[in-house]
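Student: For reference, this is start_21.cif, and it has mmCIF, C-alpha atoms.
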```cif
data_protein
#
loop_
_atom_site.label_atom_id
_atom_site.label_comp_id
_atom_site.auth_asym_id
_atom_site.auth_seq_id
_atom_site.Cartn_x
_atom_site.Cartn_y
_atom_site.Cartn_z
CA MET A 212 102.60 99.70 91.11
CA ILE A 213 101.55 96.12 91.60
CA ASP A 214 103.72 93.04 91.92
CA ALA A 215 101.82 89.89 91.05
CA GLU A 216 103.23 88.08 94.11
CA LEU A 217 103.66 90.89 96.65
CA GLY A 218 100.70 93.09 95.80
CA SER A 219 101.40 96.80 96.32
CA TYR A 220 102.84 96.82 99.85
CA PHE A 221 106.42 97.75 99.06
CA PHE A 222 108.63 100.82 98.91
CA LEU A 223 110.06 102.16 95.69
CA GLY A 224 113.70 103.05 95.53
CA VAL A 225 116.08 104.60 93.03
CA LEU A 226 119.57 103.52 92.08
CA ALA A 227 121.48 106.13 90.08
CA SER A 228 124.02 104.78 87.62
CA ASP A 229 125.74 105.83 84.42
CA LEU A 230 125.75 102.23 83.15
CA ASP A 231 123.89 101.51 79.93
CA LEU A 232 121.27 99.06 81.23
CA ALA A 233 118.58 97.34 79.20
CA PRO A 234 115.12 98.15 80.60
CA ASP A 235 112.83 95.41 81.85
CA GLU A 236 109.75 94.56 79.86
CA ARG A 237 106.81 96.82 80.59
CA GLU A 238 104.60 95.37 83.32
CA PRO A 239 101.08 94.52 82.12
CA ASP A 240 97.99 96.27 83.51
CA HIS A 241 97.04 94.28 86.62
CA CYS A 242 93.98 96.37 87.45
CA GLY A 243 91.68 95.68 84.52
CA THR A 244 88.24 97.12 85.28
CA CYS A 245 88.74 97.10 89.08
CA ARG A 246 87.84 100.43 90.70
CA ALA A 247 88.25 99.44 94.34
CA CYS A 248 90.85 102.12 95.17
CA LEU A 249 89.11 104.84 93.16
CA ASP A 250 85.76 104.20 94.81
CA ALA A 251 87.14 103.85 98.36
CA CYS A 252 89.31 106.98 98.38
CA PRO A 253 87.71 109.51 100.79
CA THR A 254 89.19 112.55 98.99
CA ASN A 255 88.71 111.40 95.38
CA ALA A 256 92.47 111.56 94.88
CA PHE A 257 92.15 109.37 91.77
CA PRO A 258 90.63 111.61 89.05
CA GLU A 259 90.72 108.63 86.66
CA PRO A 260 92.17 105.10 86.58
CA HIS A 261 96.00 105.02 86.86
CA VAL A 262 96.13 108.74 87.78
CA LEU A 263 96.76 109.95 91.34
CA ASP A 264 96.48 113.59 92.41
CA ALA A 265 98.97 113.40 95.28
CA THR A 266 97.87 116.79 96.64
CA ARG A 267 94.50 115.20 97.52
CA CYS A 268 95.95 111.93 98.82
CA LEU A 269 95.68 111.54 102.60
CA SER A 270 98.81 109.43 102.64
CA TYR A 271 100.64 112.43 101.18
CA THR A 272 98.99 115.06 103.39
CA THR A 273 99.47 113.07 106.60
CA ILE A 274 103.05 111.91 105.97
CA GLU A 275 104.91 113.93 103.36
CA LEU A 276 103.27 117.37 103.72
CA ARG A 277 105.11 119.44 106.33
CA GLY A 278 102.72 122.39 106.45
CA ALA A 279 99.00 122.72 107.10
CA ILE A 280 96.60 120.09 105.84
CA PRO A 281 94.31 121.90 103.37
CA GLU A 282 90.95 122.65 105.00
CA PRO A 283 88.88 121.03 102.22
CA LEU A 284 90.60 117.69 102.98
CA ARG A 285 90.34 117.76 106.78
CA ALA A 286 86.82 116.37 107.16
CA ALA A 287 87.61 113.62 104.64
CA GLN A 288 90.52 112.52 106.86
CA GLN A 289 87.85 111.40 109.34
CA ASP A 290 89.47 110.01 112.51
CA TRP A 291 92.52 108.56 110.76
CA VAL A 292 96.03 109.67 111.60
CA ARG A 293 97.33 108.14 108.38
CA CYS A 294 95.63 106.52 105.39
CA ASP A 295 96.24 103.36 103.37
CA ILE A 296 92.66 102.72 102.27
CA CYS A 297 93.67 102.25 98.64
CA GLN A 298 96.17 99.59 99.74
CA ASP A 299 93.69 97.92 102.06
CA VAL A 300 90.96 97.53 99.40
CA CYS A 301 93.25 96.37 96.58
CA PRO A 302 92.47 92.74 95.70
CA TRP A 303 96.17 92.15 95.05
CA ASN A 304 96.87 92.73 98.75
CA SER A 305 94.46 90.13 100.09
CA ASP A 306 96.13 87.11 101.63
CA ARG A 307 96.52 84.59 98.85
CA GLY A 308 97.97 81.78 100.92
CA ALA A 309 100.29 81.34 103.87
CA ARG A 310 103.43 82.07 101.84
CA SER A 311 102.13 85.47 100.77
CA ALA A 312 100.97 86.35 104.29
CA ARG A 313 104.28 85.29 105.85
CA ARG A 314 106.22 87.35 103.33
CA ARG A 315 104.26 90.56 104.07
CA ARG A 316 103.84 90.29 107.81
CA PRO A 317 107.45 90.98 108.88
CA ALA A 318 107.72 94.09 106.69
CA ARG A 319 104.44 95.51 107.99
CA ALA A 320 105.23 94.68 111.62
CA ALA A 321 108.59 96.41 111.29
CA CYS A 322 106.78 99.69 110.63
CA SER A 323 105.26 99.78 114.13
CA PRO A 324 107.36 99.99 117.29
CA ALA A 325 106.53 97.67 120.14
CA GLY A 326 103.39 98.82 121.95
CA VAL A 327 102.46 101.44 119.34
CA VAL A 328 100.49 99.31 116.91
CA ALA A 329 97.19 101.17 117.39
CA PRO A 330 97.78 104.25 119.55
CA THR A 331 94.74 106.17 120.79
CA LEU A 332 94.15 109.79 119.89
CA ALA A 333 94.51 110.71 123.55
CA TRP A 334 97.95 109.08 123.69
CA LEU A 335 99.06 110.85 120.52
CA LEU A 336 97.78 114.25 121.67
CA ALA A 337 99.51 113.90 125.05
CA LEU A 338 102.90 113.09 123.49
CA ASP A 339 105.82 115.39 123.91
CA GLU A 340 108.77 115.26 121.55
CA ASP A 341 110.94 113.16 123.87
CA ALA A 342 108.19 110.55 124.33
CA TRP A 343 107.62 110.53 120.57
CA ARG A 344 111.35 109.93 119.93
CA SER A 345 111.38 107.07 122.41
CA ALA A 346 108.16 105.46 121.13
CA THR A 347 109.06 105.68 117.45
CA ARG A 348 112.72 104.70 117.56
CA ARG A 349 113.58 102.62 114.47
CA SER A 350 110.06 102.82 113.09
CA ALA A 351 108.38 104.19 109.98
CA LEU A 352 106.27 106.41 112.25
CA ARG A 353 109.23 108.79 112.27
CA ARG A 354 108.54 109.73 108.65
CA ALA A 355 105.66 112.07 109.54
CA LYS A 356 107.87 113.79 112.16
CA PHE A 357 106.58 114.79 115.60
CA ARG A 358 104.68 117.88 114.43
CA GLY A 359 103.12 115.97 111.55
CA LEU A 360 101.88 113.16 113.78
CA VAL A 361 100.36 115.55 116.31
CA ARG A 362 98.88 117.70 113.49
CA ASN A 363 97.25 114.56 112.07
CA ALA A 364 95.94 113.54 115.49
CA LEU A 365 94.41 117.00 115.96
CA ILE A 366 92.47 116.69 112.69
CA ALA A 367 91.41 113.15 113.61
CA ALA A 368 90.31 114.37 117.06
CA GLY A 369 88.21 117.13 115.53
CA ASN A 370 86.49 114.58 113.33
CA ALA A 371 86.11 111.89 116.00
CA GLY A 372 83.44 113.71 118.01
CA ASP A 373 85.09 112.68 121.30
CA ARG A 374 84.69 115.70 123.58
CA SER A 375 86.88 114.10 126.25
CA LEU A 376 89.83 115.08 124.01
CA ILE A 377 89.09 118.82 124.36
CA PRO A 378 91.61 119.47 127.19
CA LEU A 379 94.39 117.85 125.16
CA ILE A 380 93.40 119.78 122.04
CA GLU A 381 93.23 123.05 124.00
CA ARG A 382 96.78 122.49 125.21
CA HIS A 383 97.94 122.59 121.57
CA ALA A 384 95.63 125.52 120.72
CA GLN A 385 97.39 127.55 123.43
CA GLY A 386 100.87 126.24 122.68
CA GLY A 387 103.72 128.01 120.94
CA ASP A 388 103.65 126.01 117.70
CA ALA A 389 101.58 128.02 115.18
CA LEU A 390 100.93 125.03 112.91
CA LEU A 391 99.64 122.84 115.72
CA ALA A 392 97.68 125.71 117.26
CA GLU A 393 95.86 126.35 113.96
CA HIS A 394 94.93 122.67 113.59
CA ALA A 395 93.88 122.54 117.25
CA ARG A 396 91.56 125.53 116.79
CA TRP A 397 90.05 123.81 113.75
CA ALA A 398 89.50 120.64 115.81
CA LEU A 399 87.87 122.61 118.65
CA ALA A 400 85.54 124.33 116.16
CA GLN A 401 84.49 120.93 114.79
CA LEU A 402 83.75 119.60 118.25
CA ALA A 403 81.82 122.77 119.16
CA ALA A 404 79.73 122.39 116.01
CA ASP A 405 79.01 118.73 116.85
CA PRO A 406 76.71 118.82 119.91
CA PRO A 407 77.21 116.07 122.50
CA GLU A 408 74.72 113.19 122.40
#
```
With the file now loaded, output its structure as structure tokens.
Tutor:
Amino acid sequence: MIDAELGSYFFLGVLASDLDLAPDEREPDHCGTCRACLDACPTNAFPEPHVLDATRCLSYTTIELRGAIPEPLRAAQQDWVRCDICQDVCPWNSDRGARSARRRRPARAACSPAGVVAPTLAWLLALDEDAWRSATRRSALRRAKFRGLVRNALIAAGNAGDRSLIPLIERHAQGGDALLAEHARWALAQLAADPPE
């Protein structure tokens, strides 16, 4: 969905009603021949223009999916904890003047709690649930849940090649959470396969 003034950075909502409402006019195709999102997607989640396979979308697997991230998608996640590449490359989201930038900035800033704008993988992997609750209070980071955020950080750590993260990853590999332990073992295997420079 693209709004000609706002771009695509907005949430969709639903209002249920039994009123007989006239539908709005159909929105025209704003994409034309642009393929920026299709070409930039690391998992090829767009099989064709205007079609998204959500099961391959990293935004889905890192936020909405509550179970294990499918192994074929883990390497494509690279060292990201969440993904908005398609949003970032969309020409409709580029700053088209101060008014547009001012309108978007507050909404985007509201998604990140103070001090957690760009957390490191080490910080994320060291989190316990109480620290996560405190750091993400009133933020969109809560959507992935604690386990989801740590699961995502484990995949990112395995792809990052940073062997200094091994003690933090091992802590999760030996922990009592089977989902996190499985992702931690995957991350350790990736780091073992990637020899230090």
Student: Please provide as JSON, numbers by chain all residues within 10 Å of Cys242 (chain A), with the sequence filter that same-chain residues fewer than 3 positions apart are discarded (counting all atoms listed in the file).
Tutor: {"A": [212, 213, 239, 245, 246, 247, 260, 261, 301, 302, 303]}
Student: Enclose the full set of atoms of region 242-259 of chain A listed in the file within a box whose edges lie along x, y and z, apply 8 Å of padding to each of the six sides, and report centre and edge lengths in Å to one decimal as AutoDock Vina command-line options.
Tutor:
```
--center_x 89.9 --center_y 104.1 --center_z 92.7 --size_x 24.2 --size_y 32.9 --size_z 32.3
```
Student: Show me, as a list in words, the residues that have an atom within 9 Å of Leu338 (chain A) when counting all atoms listed in the file, minus same-chain residues fewer than 4 positions from it.
Tutor: Ala333, Trp334, Ala342, Trp343, Phe357 and Val361 of chain A
Student: Can those selected residues be exported to a file as a compact mmCIF listing (two decimals), in the coordinates of the input so that it contains C-alpha atoms?
Tutor:
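out_19.txt was written with the following content:
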```
# COMPACT_ATOMS: atom_id res chain seq x y z
CA ALA A 333 94.51 110.71 123.55
CA TRP A 334 97.95 109.08 123.69
CA ALA A 342 108.19 110.55 124.33
CA TRP A 343 107.62 110.53 120.57
CA PHE A 357 106.58 114.79 115.60
CA VAL A 361 100.36 115.55 116.31
```
Student: Just give me the gap between CA of Leu391 (chain A) and CA of Ala346 (chain A) in Å, one decimal is fine.
Tutor: 20.1 Å
Student: Please provide the set of residues having any atom within 12 Å of Cys297 (chain A), restricted to all atoms listed in the file, with same-chain residues fewer than 2 positions apart removed, written as a ChimeraX atom specification.
Tutor: /A:212,218-220,245-257,263,268-270,293-295,299-304
Student: For the atom pair CA of Asp214 (chain A) and CA of Leu226 (chain A), what is the interatomic distance in Å to one decimal place?
Tutor: 19.0 Å
Student: For region 272-293 of chain A, supply N, CA, C and O atoms and format the output as a compact mmCIF listing (two decimals), keeping the file's coordinate frame.
Tutor:
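Printed below is result08.txt as written:
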```txt
# COMPACT_ATOMS: atom_id res chain seq x y z
N THR A 272 99.20 113.94 102.47
CA THR A 272 98.99 115.06 103.39
C THR A 272 99.33 114.71 104.82
O THR A 272 99.73 115.58 105.59
N THR A 273 99.19 113.44 105.21
CA THR A 273 99.47 113.07 106.60
C THR A 273 100.91 112.64 106.84
O THR A 273 101.33 112.56 107.99
N ILE A 274 101.67 112.38 105.78
CA ILE A 274 103.05 111.91 105.97
C ILE A 274 104.07 112.86 105.34
O ILE A 274 105.00 113.31 105.99
N GLU A 275 103.90 113.16 104.07
CA GLU A 275 104.91 113.93 103.36
C GLU A 275 104.75 115.45 103.53
O GLU A 275 105.75 116.16 103.58
N LEU A 276 103.53 115.93 103.61
CA LEU A 276 103.27 117.37 103.72
C LEU A 276 103.75 117.88 105.07
O LEU A 276 103.37 117.35 106.11
N ARG A 277 104.56 118.90 105.08
CA ARG A 277 105.11 119.44 106.33
C ARG A 277 104.30 120.62 106.86
O ARG A 277 104.43 120.97 108.01
N GLY A 278 103.49 121.23 106.02
CA GLY A 278 102.72 122.39 106.45
C GLY A 278 101.31 121.99 106.88
O GLY A 278 101.06 120.88 107.34
N ALA A 279 100.39 122.94 106.70
CA ALA A 279 99.00 122.72 107.10
C ALA A 279 98.30 121.78 106.13
O ALA A 279 98.52 121.83 104.92
N ILE A 280 97.45 120.92 106.68
CA ILE A 280 96.60 120.09 105.84
C ILE A 280 95.51 121.00 105.28
O ILE A 280 94.86 121.72 106.04
N PRO A 281 95.32 121.01 103.95
CA PRO A 281 94.31 121.90 103.37
C PRO A 281 92.93 121.67 104.00
O PRO A 281 92.50 120.53 104.17
N GLU A 282 92.26 122.76 104.33
CA GLU A 282 90.95 122.65 105.00
C GLU A 282 89.95 121.79 104.25
O GLU A 282 89.22 121.02 104.88
N PRO A 283 89.87 121.87 102.91
CA PRO A 283 88.88 121.03 102.22
C PRO A 283 89.10 119.52 102.40
O PRO A 283 88.19 118.73 102.17
N LEU A 284 90.30 119.12 102.82
CA LEU A 284 90.60 117.69 102.98
C LEU A 284 90.46 117.21 104.43
O LEU A 284 90.50 116.01 104.69
N ARG A 285 90.32 118.13 105.36
CA ARG A 285 90.34 117.76 106.78
C ARG A 285 89.17 116.88 107.18
O ARG A 285 89.34 115.88 107.88
N ALA A 286 87.97 117.20 106.79
CA ALA A 286 86.82 116.37 107.16
C ALA A 286 86.92 114.99 106.54
O ALA A 286 86.56 113.99 107.16
N ALA A 287 87.47 114.92 105.32
CA ALA A 287 87.61 113.62 104.64
C ALA A 287 88.62 112.72 105.34
O ALA A 287 88.58 111.50 105.20
N GLN A 288 89.53 113.32 106.12
CA GLN A 288 90.52 112.52 106.86
C GLN A 288 89.84 111.68 107.94
O GLN A 288 90.39 110.68 108.38
N GLN A 289 88.63 112.08 108.30
CA GLN A 289 87.85 111.40 109.34
C GLN A 289 88.70 111.28 110.60
O GLN A 289 89.38 112.21 110.97
N ASP A 290 88.68 110.12 111.27
CA ASP A 290 89.47 110.01 112.51
C ASP A 290 90.75 109.20 112.30
O ASP A 290 91.25 108.57 113.21
N TRP A 291 91.27 109.26 111.08
CA TRP A 291 92.52 108.56 110.76
C TRP A 291 93.71 109.49 110.97
O TRP A 291 93.66 110.66 110.66
N VAL A 292 94.80 108.92 111.44
CA VAL A 292 96.03 109.67 111.60
C VAL A 292 96.91 109.48 110.35
O VAL A 292 97.74 110.31 110.02
N ARG A 293 96.69 108.39 109.66
CA ARG A 293 97.33 108.14 108.38
C ARG A 293 96.39 107.27 107.57
O ARG A 293 95.45 106.68 108.09
```
